[in-house]
Amino acid sequence: MKKSYILIGLALVNTIAFSQKTSVIDNAGVGIKTFNARQAFLAGDINKALKLYTEANTAKPNDAAILYHLGQCYNALKKTEEALNYLEKAETIDTNANEDLHLDLGMAYQQDDQVDKALAEFTWHKRKYSINPKKQKEDEIDHFIAECVLAKQLEAHPLNITVKKAGDAINSEYEEKTPSVTADGTRLIFTSDRPLLVGDMKAPKDPKDPGVLYDNVYMCNWDSAINNWAPAYPIDNVNEPYAYTSCTSISPDGNYIFLYKNDLHGPSIGGDIYISKKSKTGKYGAPVSIGKPVNTSYYEDGACLSPDGNTIYFVSERPGGFGGGDIYKSDKIGRNKWAEPENLGPVVNSIYDEGAPFMAADGHTLFFSSDGHASMGGYDIFKTSMNDSGKWSVPANLGYPINTVNNEKGFTLSADGRTAYISTDRKGGEGKRDIYMIDLSNYSVLSTDSANSKPKGYSILRGRVSDAKGPVEGATVTVSDSAGNKISTLTTIAEGMYFITLKGHAKYKVKVTGQGDKGETKSVTLPDSPLGTFTMQMDFTLEKE
């Protein structure tokens with residue numbers, strides 16, 4: 001009997017020893033997984049990190065540190081519901097699970113529009129760093145706190161506007177972004193990473209990440225019969241295999257599409273600005289680089305044209321800026337030639353990122369996106385106005401519900417000022433980002449209009465300049481008001497066409513001159529239309545001197 005007890009005792013000792021040894025092995029395995037997961041996260045491979053942290057969580061489901069890192073991964077993937085699930089569990093188990101727990105939890109609450117909870121988490125985090133200050137972290141927290149305070153203020157006073165999804169003809173389960181509308185509001189272009197059919201084959205995938213499709217450019221036309229957009233279609237000649245091609249804008253007259261192109265196997269690797277021109281047949285041609293000095297070896301994107309076609313606004317990360325991406329402008333100095341770009345300065349550009357500039361039909365109000373300035377959270381849409389001496393006003397947040405605690409980018413506005421479009425990842429979308437339509441019938445966003453007034457809008461004057469030989473390229477078109485004050489000067493393009501947006505309910509004088517031709521002057525009264533953008537065609541036929 002005594003021998004049996006000894007054998008049982010030895011068995012128990014061996015079992016306990018084996019259990020302890022297994023536990024040590026398991027803990028070591030979890031440690032290796034979490035180490036590799038952290039390295040993957042820091043390298044930007046969030047999906048790999050998520051997989052490894054999930055495996056570690058299976059072995060240790062109540063480890064607050066692992067739960068925190070799972071929430072951090074879901075935050076990075078913009079999956080807010082999952083992020084909150086893990087971050088809240090981590091906080092319940094150990095409020096000090098990680099020094100950034102309350103920062104990440106605050107960011108998740110902010111993305112979920114739980115602003116009060118976000119503010120509480122950011123404030124908790126700031127108190128911690130006031131004891132052990134880290135300047136970079138402290139500045140970051142102050143920025144997040146300011147966003148929450150502004151969000152509460154703006155959400156309490158919503159604008160008299162309507163914001164809704166642009167519809168199934170535009171949005172899909174994939175990502176839609178960078179909307180741009182022509183001045184007359186009849187054509188809209190945008191970028192999407194939805195599968196693009198090339199013949200009977202889907203577009204090739206990114207060789208670095210087969211799970212990601214390339215960006216391509218789509219267009220849709222306004223169908224007045226249904227009072228909505230017709231289904232979008234990819235633009236021939238603009239989209240190319242093995243190239244990330246996204247639109248940044250369409251010119252007010254619809255003759256040019258400005259593009260961002262990142263070609264993994266070509267000269268534009270890193271990202272450059274390209275232009276596609278519409279031919280006489282109505283089709284857009286293959287993209288052509290805008291060239292130097294606009295493009296550099298650094299990142300350039302976000303190009304848009306002023307209403308008179310004389311200035312291009314764009315984003316660049318070239319040296320000498322004030323933050324990551326800054327807004328620049330370049331004036332046209334000849335056919336396909338642009339002057340040395342000029343930074344818009346520290347009033348417009350912040351220490352953060354600015355992007356997606358859009359110059360309105362008034363030629364003075366510039367809209368852009370920024371995660372700096374006074375933002376509600378992420379990127380917001382701002383506006384600044386250029387005065388007659390070329391100085392820019394302090395950027396103003398467009399307010400709620402144009403902006404939210406999520407990311408809003410790519411603001412574009414029809415010439416009549418009544419309809420705008422943005423790209424946003426706010427709640428209720430179809431995919432990662434969607435395009436939304438904004439009804440501004442009862443509220444004007446233009447700096448040249450009174451606040452909280454109905455938009456007065458702009459009308460379009462367009463036409464062709466010809467002489468005995470045919471269309472005149474490079475003819476000078478000068479527009480003056482009824483008092484003789486010059487408003488704008490532009491030149492005709494290859495087909496002799498000119499295009500300009502002007503304030504409605506006004507009289508103008510239009511003078512056209514060409515080399516070797518007699519000048520011709522006409523008077524015109526431009527009305528406004530309550531139903532949309534009014535367009536008037538006025539042609540000129542020049543005679544030889």
# chains A, B, ... in the order shown; residues from 1 in each chain; ligands from 1
call {"tool": "residues_around", "arguments": {"residues": "segment 51-63 of chain A", "least_positions_apart": "2", "cutoff": "12 Å", "atoms": "only C-alpha atoms", "output": "MDAnalysis selection string"}}
result
chainID A and resid 23 25:41 45:49 65:74 86:87 89:94 97:98
call {"tool": "write_last_selection", "arguments": {"atoms": "N, CA and C atoms", "output": "short mmCIF file (atom, residue, chain, number, x, y, z; two decimals), in the first residue's frame"}}
result
data_model
loop_
_atom_site.label_atom_id
_atom_site.label_comp_id
_atom_site.auth_asym_id
_atom_site.auth_seq_id
_atom_site.Cartn_x
_atom_site.Cartn_y
_atom_site.Cartn_z
N SER A 23 3.33 24.98 -19.81
CA SER A 23 2.95 26.38 -19.65
C SER A 23 4.09 27.29 -20.06
N ILE A 25 6.44 26.57 -22.21
CA ILE A 25 6.55 26.47 -23.66
C ILE A 25 5.47 27.32 -24.33
N ASP A 26 4.23 27.22 -23.80
CA ASP A 26 3.12 27.99 -24.37
C ASP A 26 3.39 29.48 -24.25
N ASN A 27 3.85 29.90 -23.07
CA ASN A 27 4.14 31.31 -22.85
C ASN A 27 5.25 31.78 -23.80
N ALA A 28 6.23 30.93 -24.01
CA ALA A 28 7.32 31.28 -24.93
C ALA A 28 6.77 31.44 -26.35
N GLY A 29 5.85 30.50 -26.73
CA GLY A 29 5.25 30.59 -28.07
C GLY A 29 4.44 31.86 -28.24
N VAL A 30 3.68 32.21 -27.19
CA VAL A 30 2.90 33.45 -27.25
C VAL A 30 3.82 34.66 -27.33
N GLY A 31 4.92 34.59 -26.57
CA GLY A 31 5.88 35.70 -26.59
C GLY A 31 6.48 35.90 -27.98
N ILE A 32 6.79 34.80 -28.65
CA ILE A 32 7.35 34.89 -30.01
C ILE A 32 6.31 35.48 -30.97
N LYS A 33 5.06 35.01 -30.83
CA LYS A 33 4.00 35.52 -31.71
C LYS A 33 3.79 37.02 -31.52
N THR A 34 3.72 37.46 -30.25
CA THR A 34 3.48 38.88 -30.00
C THR A 34 4.66 39.73 -30.45
N PHE A 35 5.88 39.19 -30.30
CA PHE A 35 7.05 39.93 -30.79
C PHE A 35 7.00 40.08 -32.31
N ASN A 36 6.72 38.97 -33.00
CA ASN A 36 6.64 39.02 -34.47
C ASN A 36 5.47 39.89 -34.93
N ALA A 37 4.37 39.84 -34.16
CA ALA A 37 3.21 40.68 -34.50
C ALA A 37 3.56 42.15 -34.39
N ARG A 38 4.30 42.50 -33.34
CA ARG A 38 4.68 43.91 -33.16
C ARG A 38 5.59 44.37 -34.29
N GLN A 39 6.52 43.52 -34.69
CA GLN A 39 7.42 43.87 -35.79
C GLN A 39 6.63 44.06 -37.09
N ALA A 40 5.65 43.20 -37.31
CA ALA A 40 4.82 43.32 -38.52
C ALA A 40 4.01 44.62 -38.49
N PHE A 41 3.48 44.96 -37.30
CA PHE A 41 2.70 46.19 -37.17
C PHE A 41 3.56 47.40 -37.47
N ASP A 45 2.57 46.01 -41.94
CA ASP A 45 1.80 44.84 -42.36
C ASP A 45 0.75 44.55 -41.29
N ILE A 46 -0.33 45.31 -41.31
CA ILE A 46 -1.34 45.23 -40.24
C ILE A 46 -2.06 43.89 -40.26
N ASN A 47 -2.33 43.36 -41.43
CA ASN A 47 -3.06 42.09 -41.52
C ASN A 47 -2.26 40.94 -40.91
N LYS A 48 -0.94 40.93 -41.15
CA LYS A 48 -0.10 39.89 -40.56
C LYS A 48 -0.07 40.05 -39.04
N ALA A 49 0.06 41.28 -38.58
CA ALA A 49 0.07 41.53 -37.14
C ALA A 49 -1.24 41.08 -36.50
N ALA A 65 -2.76 43.19 -22.55
CA ALA A 65 -1.82 43.75 -23.52
C ALA A 65 -2.12 43.25 -24.93
N ILE A 66 -2.41 41.95 -25.05
CA ILE A 66 -2.75 41.38 -26.36
C ILE A 66 -4.06 41.96 -26.86
N LEU A 67 -5.04 42.09 -25.97
CA LEU A 67 -6.32 42.68 -26.35
C LEU A 67 -6.14 44.11 -26.85
N TYR A 68 -5.25 44.86 -26.17
CA TYR A 68 -4.97 46.23 -26.62
C TYR A 68 -4.42 46.23 -28.04
N HIS A 69 -3.44 45.37 -28.30
CA HIS A 69 -2.81 45.36 -29.63
C HIS A 69 -3.80 44.92 -30.71
N LEU A 70 -4.73 44.03 -30.38
CA LEU A 70 -5.77 43.68 -31.34
C LEU A 70 -6.62 44.91 -31.67
N GLY A 71 -7.00 45.65 -30.64
CA GLY A 71 -7.75 46.88 -30.87
C GLY A 71 -6.97 47.89 -31.68
N GLN A 72 -5.68 47.98 -31.42
CA GLN A 72 -4.82 48.90 -32.18
C GLN A 72 -4.79 48.52 -33.66
N CYS A 73 -4.72 47.23 -33.94
CA CYS A 73 -4.72 46.76 -35.34
C CYS A 73 -6.05 47.12 -36.02
N TYR A 74 -7.16 46.87 -35.34
CA TYR A 74 -8.46 47.19 -35.94
C TYR A 74 -8.63 48.69 -36.11
N TYR A 86 -12.22 45.19 -28.48
CA TYR A 86 -10.99 44.73 -27.83
C TYR A 86 -10.40 45.78 -26.89
N LEU A 87 -10.47 47.04 -27.26
CA LEU A 87 -9.90 48.08 -26.41
C LEU A 87 -10.68 48.23 -25.10
N LYS A 89 -12.37 45.82 -23.63
CA LYS A 89 -12.04 44.63 -22.83
C LYS A 89 -10.69 44.82 -22.13
N ALA A 90 -9.71 45.35 -22.89
CA ALA A 90 -8.38 45.57 -22.32
C ALA A 90 -8.45 46.55 -21.15
N GLU A 91 -9.23 47.63 -21.30
CA GLU A 91 -9.34 48.62 -20.24
C GLU A 91 -10.02 48.03 -19.01
N THR A 92 -11.02 47.15 -19.21
CA THR A 92 -11.73 46.53 -18.09
C THR A 92 -10.79 45.65 -17.27
N ILE A 93 -9.91 44.93 -17.97
CA ILE A 93 -8.98 44.01 -17.28
C ILE A 93 -7.84 44.77 -16.62
N ASP A 94 -7.26 45.72 -17.35
CA ASP A 94 -6.11 46.47 -16.82
C ASP A 94 -6.06 47.84 -17.49
N ALA A 97 -2.82 48.67 -19.29
CA ALA A 97 -2.30 47.59 -20.14
C ALA A 97 -1.24 48.07 -21.10
N ASN A 98 -1.35 49.31 -21.56
CA ASN A 98 -0.36 49.90 -22.45
C ASN A 98 -0.44 51.42 -22.28
#
call {"tool": "residues_around", "arguments": {"residues": "Thr248 of chain A", "least_positions_apart": "3", "cutoff": "7 Å", "atoms": "only C-alpha atoms", "output": "tab-separated table (two decimals) with all heavy atoms, in the first residue's frame"}}
result
chain	number	residue	atom	x	y	z
A	178	THR	N	-12.21	61.20	-54.66
A	178	THR	CA	-11.81	62.31	-55.54
A	178	THR	C	-12.88	62.69	-56.57
A	178	THR	O	-12.63	62.68	-57.78
A	178	THR	CB	-10.48	62.02	-56.27
A	178	THR	OG1	-10.61	60.86	-57.11
A	178	THR	CG2	-9.36	61.82	-55.27
A	258	PHE	N	-7.37	66.17	-65.03
A	258	PHE	CA	-6.09	66.13	-64.33
A	258	PHE	C	-6.03	64.86	-63.50
A	258	PHE	O	-7.01	64.48	-62.83
A	258	PHE	CB	-5.93	67.37	-63.45
A	258	PHE	CG	-5.75	68.64	-64.24
A	258	PHE	CD1	-6.85	69.36	-64.68
A	258	PHE	CD2	-4.49	69.08	-64.57
A	258	PHE	CE1	-6.69	70.51	-65.43
A	258	PHE	CE2	-4.31	70.24	-65.32
A	258	PHE	CZ	-5.41	70.96	-65.75
A	259	LEU	N	-4.88	64.21	-63.55
A	259	LEU	CA	-4.73	62.89	-62.97
A	259	LEU	C	-3.51	62.80	-62.07
A	259	LEU	O	-2.53	63.53	-62.25
A	259	LEU	CB	-4.57	61.84	-64.09
A	259	LEU	CG	-5.68	61.80	-65.14
A	259	LEU	CD1	-5.15	61.21	-66.43
A	259	LEU	CD2	-6.86	61.00	-64.63
A	260	TYR	N	-3.60	61.89	-61.12
A	260	TYR	CA	-2.43	61.46	-60.36
A	260	TYR	C	-2.09	60.07	-60.83
A	260	TYR	O	-2.95	59.18	-60.88
A	260	TYR	CB	-2.73	61.43	-58.86
A	260	TYR	CG	-1.71	60.66	-58.06
A	260	TYR	CD1	-0.48	61.23	-57.73
A	260	TYR	CD2	-1.97	59.36	-57.63
A	260	TYR	CE1	0.46	60.52	-56.99
A	260	TYR	CE2	-1.04	58.65	-56.88
A	260	TYR	CZ	0.18	59.24	-56.57
A	260	TYR	OH	1.10	58.53	-55.85
A	302	GLY	N	-3.33	66.13	-56.74
A	302	GLY	CA	-4.39	67.07	-56.42
A	302	GLY	C	-4.52	68.27	-57.34
A	302	GLY	O	-4.99	69.32	-56.90
A	303	ALA	N	-4.15	68.16	-58.61
A	303	ALA	CA	-4.17	69.33	-59.49
A	303	ALA	C	-5.59	69.72	-59.87
A	303	ALA	O	-6.44	68.88	-60.14
A	303	ALA	CB	-3.36	69.04	-60.75
A	304	CYS	N	-5.84	71.03	-59.91
A	304	CYS	CA	-7.10	71.57	-60.41
A	304	CYS	C	-6.82	72.90	-61.09
A	304	CYS	O	-5.83	73.57	-60.82
A	304	CYS	CB	-8.13	71.74	-59.31
A	304	CYS	SG	-7.84	73.17	-58.23
call {"tool": "closest_atom_pairs", "arguments": {"of": "segment 443-518 of chain A", "to": "segment 275-299 of chain A", "cutoff": "12 Å", "atoms": "only C-alpha atoms", "output": "JSON lines"}}
result
{"residue": "A:Ile493", "atom": "CA", "partner": "A:Lys277", "partner_atom": "CA", "distance": 11.2}
{"residue": "A:Ala494", "atom": "CA", "partner": "A:Lys280", "partner_atom": "CA", "distance": 10.2}
{"residue": "A:Glu495", "atom": "CA", "partner": "A:Lys280", "partner_atom": "CA", "distance": 8.4}
{"residue": "A:Gly496", "atom": "CA", "partner": "A:Lys280", "partner_atom": "CA", "distance": 11.9}
{"residue": "A:Met497", "atom": "CA", "partner": "A:Lys280", "partner_atom": "CA", "distance": 11.7}
call {"tool": "select_by_dssp", "arguments": {"residues": "segment 49-283 of chain A", "states": "strand (DSSP E or B)", "output": "ChimeraX atom specification"}}
result
/A:162-165,176-181,187-192,197-198,201-202,205-206,209-213,216-223,228-229,233-234,243-250,256-263,272-278
call {"tool": "residues_around", "arguments": {"residues": "Tyr174 of chain A", "least_positions_apart": "4", "cutoff": "12 Å", "atoms": "only C-alpha atoms", "output": "list in words"}}
result
Asp168, Ile170, Thr191, Ser192, Asp193, Arg194, Pro195, Leu196, Val212, Leu213, Tyr214, Asp215, Asn216, Asp425, Gly429, Glu430, Gly431, Lys432, Arg433, Asp434 and Ile435 of chain A
call {"tool": "select_by_dssp", "arguments": {"residues": "segment 84-174 of chain A", "states": "helix (DSSP H, G or I)", "output": "ChimeraX atom specification"}}
result
/A:84-93,101-111,115-131,135-155
call {"tool": "atom_distance", "arguments": {"atom1": "atom CA of Thr384 of chain A", "atom2": "atom CA of Leu366 of chain A"}}
result
5.3 Å
call {"tool": "closest_residue", "arguments": {"among": "A:Thr513, A:Gly504, A:Asp371, A:Leu159", "to": "Lys544 of chain A", "atoms": "only C-alpha atoms"}}
result
A:Thr513
call {"tool": "atom_distance", "arguments": {"atom1": "atom CA of Asp301 of chain A", "atom2": "atom CA of Gly372 of chain A"}}
result
18.4 Å
call {"tool": "closest_residue", "arguments": {"among": "A:Phe382, A:Phe190, A:Trp338, A:Tyr244", "to": "Cys220 of chain A", "atoms": "only C-alpha atoms"}}
result
A:Phe190
call {"tool": "residues_around", "arguments": {"residues": "segment 533-536 of chain A", "least_positions_apart": "6", "cutoff": "8 Å", "atoms": "only C-alpha atoms", "output": "list in words"}}
result
Ala183, Asp184, Gly185, Ser414, Ala415, Asp416, Gly457, Tyr458, Ser459, Ile460, Leu461, Arg462, Leu526 and Pro527 of chain A
call {"tool": "residues_around", "arguments": {"residues": "segment 474-484 of chain A", "least_positions_apart": "2", "cutoff": "9 Å", "atoms": "only C-alpha atoms", "output": "PyMOL selection string"}}
result
chain A and resi 335+465+472+486-494+496+498+506-515+523
call {"tool": "write_last_selection", "arguments": {"atoms": "C-alpha atoms", "output": "tab-separated table (two decimals), in the first residue's frame"}}
result
chain	number	residue	atom	x	y	z
A	335	ARG	CA	0.90	76.69	-74.34
A	465	VAL	CA	-13.37	82.44	-82.08
A	472	VAL	CA	-8.21	80.84	-83.90
A	486	LYS	CA	-11.42	94.23	-66.31
A	487	ILE	CA	-12.56	91.02	-64.68
A	488	SER	CA	-10.58	88.36	-66.49
A	489	THR	CA	-8.33	87.68	-69.47
A	490	LEU	CA	-7.96	84.27	-71.07
A	491	THR	CA	-6.88	82.70	-74.36
A	492	THR	CA	-8.63	80.33	-76.72
A	493	ILE	CA	-7.55	76.70	-77.00
A	494	ALA	CA	-6.69	74.78	-80.20
A	496	GLY	CA	-10.72	78.35	-80.90
A	498	TYR	CA	-13.13	79.90	-74.75
A	506	ALA	CA	-25.02	91.19	-64.71
A	507	LYS	CA	-23.90	92.93	-67.91
A	508	TYR	CA	-20.46	92.43	-69.44
A	509	LYS	CA	-18.34	93.53	-72.38
A	510	VAL	CA	-16.28	90.87	-74.12
A	511	LYS	CA	-13.39	91.92	-76.33
A	512	VAL	CA	-11.59	89.41	-78.56
A	513	THR	CA	-8.29	90.11	-80.33
A	514	GLY	CA	-6.08	87.89	-82.45
A	515	GLN	CA	-2.72	88.34	-84.09
A	523	SER	CA	-21.99	93.29	-74.92
call {"tool": "residues_around", "arguments": {"residues": "Gly271 of chain A", "least_positions_apart": "4", "cutoff": "6 Å", "atoms": "only C-alpha atoms", "output": "JSON, numbers by chain"}}
result
{"A": [261, 262, 299, 300]}
call {"tool": "closest_residue", "arguments": {"among": "A:Ser224, A:Asn387, A:Ser180, A:Asn349", "to": "Thr419 of chain A", "atoms": "only C-alpha atoms"}}
result
A:Ser180
call {"tool": "closest_residue", "arguments": {"among": "A:Ala468, A:Asp223, A:Asp113, A:Tyr218", "to": "Asn239 of chain A", "atoms": "only C-alpha atoms"}}
result
A:Tyr218
call {"tool": "residues_around", "arguments": {"residues": "Tyr436 of chain A", "least_positions_apart": "6", "cutoff": "8 Å", "atoms": "only C-alpha atoms", "output": "VMD selection string"}}
result
chain A and resid 163 to 166 421 to 424
call {"tool": "closest_residue", "arguments": {"among": "A:Lys383, A:Asp353, A:Leu542, A:Asn160", "to": "Thr412 of chain A", "atoms": "only C-alpha atoms"}}
result
A:Lys383
call {"tool": "atom_distance", "arguments": {"atom1": "atom CA of Ala230 of chain A", "atom2": "atom CA of Thr186 of chain A"}}
result
10.5 Å
call {"tool": "decode", "arguments": {"residues": "segment 346-369 of chain A", "atoms": "N, CA, C and O atoms", "output": "mmCIF file, in the first residue's frame"}}
result
data_model
loop_
_atom_site.group_PDB
_atom_site.id
_atom_site.type_symbol
_atom_site.label_atom_id
_atom_site.label_comp_id
_atom_site.auth_asym_id
_atom_site.auth_seq_id
_atom_site.Cartn_x
_atom_site.Cartn_y
_atom_site.Cartn_z
ATOM 1 N N PRO A 346 1.978 79.944 -45.024
ATOM 2 C CA PRO A 346 1.598 79.331 -43.743
ATOM 3 C C PRO A 346 0.175 79.632 -43.293
ATOM 4 O O PRO A 346 -0.302 79.004 -42.352
ATOM 5 N N VAL A 347 -0.509 80.588 -43.919
ATOM 6 C CA VAL A 347 -1.911 80.819 -43.569
ATOM 7 C C VAL A 347 -2.764 79.650 -44.053
ATOM 8 O O VAL A 347 -3.637 79.159 -43.337
ATOM 9 N N VAL A 348 -2.481 79.161 -45.268
ATOM 10 C CA VAL A 348 -3.238 78.047 -45.846
ATOM 11 C C VAL A 348 -2.644 76.710 -45.423
ATOM 12 O O VAL A 348 -3.367 75.790 -45.026
ATOM 13 N N ASN A 349 -1.331 76.579 -45.504
ATOM 14 C CA ASN A 349 -0.667 75.311 -45.222
ATOM 15 C C ASN A 349 -0.262 75.222 -43.747
ATOM 16 O O ASN A 349 0.303 76.157 -43.189
ATOM 17 N N SER A 350 -0.571 74.071 -43.137
ATOM 18 C CA SER A 350 -0.279 73.844 -41.724
ATOM 19 C C SER A 350 0.893 72.878 -41.587
ATOM 20 O O SER A 350 1.487 72.446 -42.576
ATOM 21 N N ILE A 351 1.201 72.518 -40.340
ATOM 22 C CA ILE A 351 2.265 71.537 -40.108
ATOM 23 C C ILE A 351 1.770 70.127 -40.419
ATOM 24 O O ILE A 351 2.560 69.189 -40.418
ATOM 25 N N TYR A 352 0.465 69.992 -40.673
ATOM 26 C CA TYR A 352 -0.111 68.700 -41.042
ATOM 27 C C TYR A 352 -0.238 68.622 -42.569
ATOM 28 O O TYR A 352 0.469 69.319 -43.290
ATOM 29 N N ASP A 353 -1.152 67.789 -43.066
ATOM 30 C CA ASP A 353 -1.305 67.599 -44.511
ATOM 31 C C ASP A 353 -2.470 68.409 -45.056
ATOM 32 O O ASP A 353 -3.567 68.399 -44.502
ATOM 33 N N GLU A 354 -2.235 69.074 -46.184
ATOM 34 C CA GLU A 354 -3.298 69.705 -46.956
ATOM 35 C C GLU A 354 -3.401 68.994 -48.300
ATOM 36 O O GLU A 354 -2.386 68.524 -48.832
ATOM 37 N N GLY A 355 -4.613 68.913 -48.854
ATOM 38 C CA GLY A 355 -4.770 68.206 -50.119
ATOM 39 C C GLY A 355 -6.063 68.565 -50.816
ATOM 40 O O GLY A 355 -6.885 69.332 -50.311
ATOM 41 N N ALA A 356 -6.254 67.981 -52.011
ATOM 42 C CA ALA A 356 -7.478 68.086 -52.805
ATOM 43 C C ALA A 356 -7.983 69.517 -52.970
ATOM 44 O O ALA A 356 -9.127 69.813 -52.644
ATOM 45 N N PRO A 357 -7.164 70.442 -53.484
ATOM 46 C CA PRO A 357 -7.648 71.811 -53.686
ATOM 47 C C PRO A 357 -8.681 71.878 -54.804
ATOM 48 O O PRO A 357 -8.637 71.114 -55.764
ATOM 49 N N PHE A 358 -9.611 72.818 -54.656
ATOM 50 C CA PHE A 358 -10.625 73.074 -55.691
ATOM 51 C C PHE A 358 -10.942 74.561 -55.685
ATOM 52 O O PHE A 358 -11.380 75.112 -54.669
ATOM 53 N N MET A 359 -10.721 75.228 -56.819
ATOM 54 C CA MET A 359 -11.043 76.644 -56.950
ATOM 55 C C MET A 359 -12.450 76.792 -57.504
ATOM 56 O O MET A 359 -12.775 76.256 -58.561
ATOM 57 N N ALA A 360 -13.290 77.522 -56.779
ATOM 58 C CA ALA A 360 -14.692 77.687 -57.151
ATOM 59 C C ALA A 360 -14.845 78.613 -58.348
ATOM 60 O O ALA A 360 -13.893 79.270 -58.789
ATOM 61 N N ALA A 361 -16.075 78.675 -58.852
ATOM 62 C CA ALA A 361 -16.372 79.450 -60.058
ATOM 63 C C ALA A 361 -16.141 80.941 -59.874
ATOM 64 O O ALA A 361 -15.967 81.667 -60.859
ATOM 65 N N ASP A 362 -16.115 81.426 -58.620
ATOM 66 C CA ASP A 362 -15.886 82.853 -58.410
ATOM 67 C C ASP A 362 -14.429 83.247 -58.588
ATOM 68 O O ASP A 362 -14.096 84.431 -58.640
ATOM 69 N N GLY A 363 -13.526 82.248 -58.689
ATOM 70 C CA GLY A 363 -12.107 82.526 -58.888
ATOM 71 C C GLY A 363 -11.399 83.037 -57.657
ATOM 72 O O GLY A 363 -10.219 83.403 -57.715
ATOM 73 N N HIS A 364 -12.087 83.053 -56.504
ATOM 74 C CA HIS A 364 -11.510 83.568 -55.262
ATOM 75 C C HIS A 364 -11.543 82.565 -54.121
ATOM 76 O O HIS A 364 -10.670 82.575 -53.263
ATOM 77 N N THR A 365 -12.558 81.696 -54.096
ATOM 78 C CA THR A 365 -12.732 80.773 -52.979
ATOM 79 C C THR A 365 -12.076 79.436 -53.278
ATOM 80 O O THR A 365 -12.469 78.739 -54.215
ATOM 81 N N LEU A 366 -11.083 79.108 -52.479
ATOM 82 C CA LEU A 366 -10.369 77.844 -52.633
ATOM 83 C C LEU A 366 -10.792 76.893 -51.524
ATOM 84 O O LEU A 366 -10.694 77.213 -50.335
ATOM 85 N N PHE A 367 -11.286 75.720 -51.907
ATOM 86 C CA PHE A 367 -11.641 74.670 -50.957
ATOM 87 C C PHE A 367 -10.520 73.638 -50.937
ATOM 88 O O PHE A 367 -9.909 73.345 -51.969
ATOM 89 N N PHE A 368 -10.268 73.052 -49.774
ATOM 90 C CA PHE A 368 -9.235 72.020 -49.675
ATOM 91 C C PHE A 368 -9.473 71.171 -48.438
ATOM 92 O O PHE A 368 -10.266 71.526 -47.556
ATOM 93 N N SER A 369 -8.794 70.033 -48.382
ATOM 94 C CA SER A 369 -8.888 69.136 -47.231
ATOM 95 C C SER A 369 -7.653 69.294 -46.358
ATOM 96 O O SER A 369 -6.562 69.573 -46.856
#
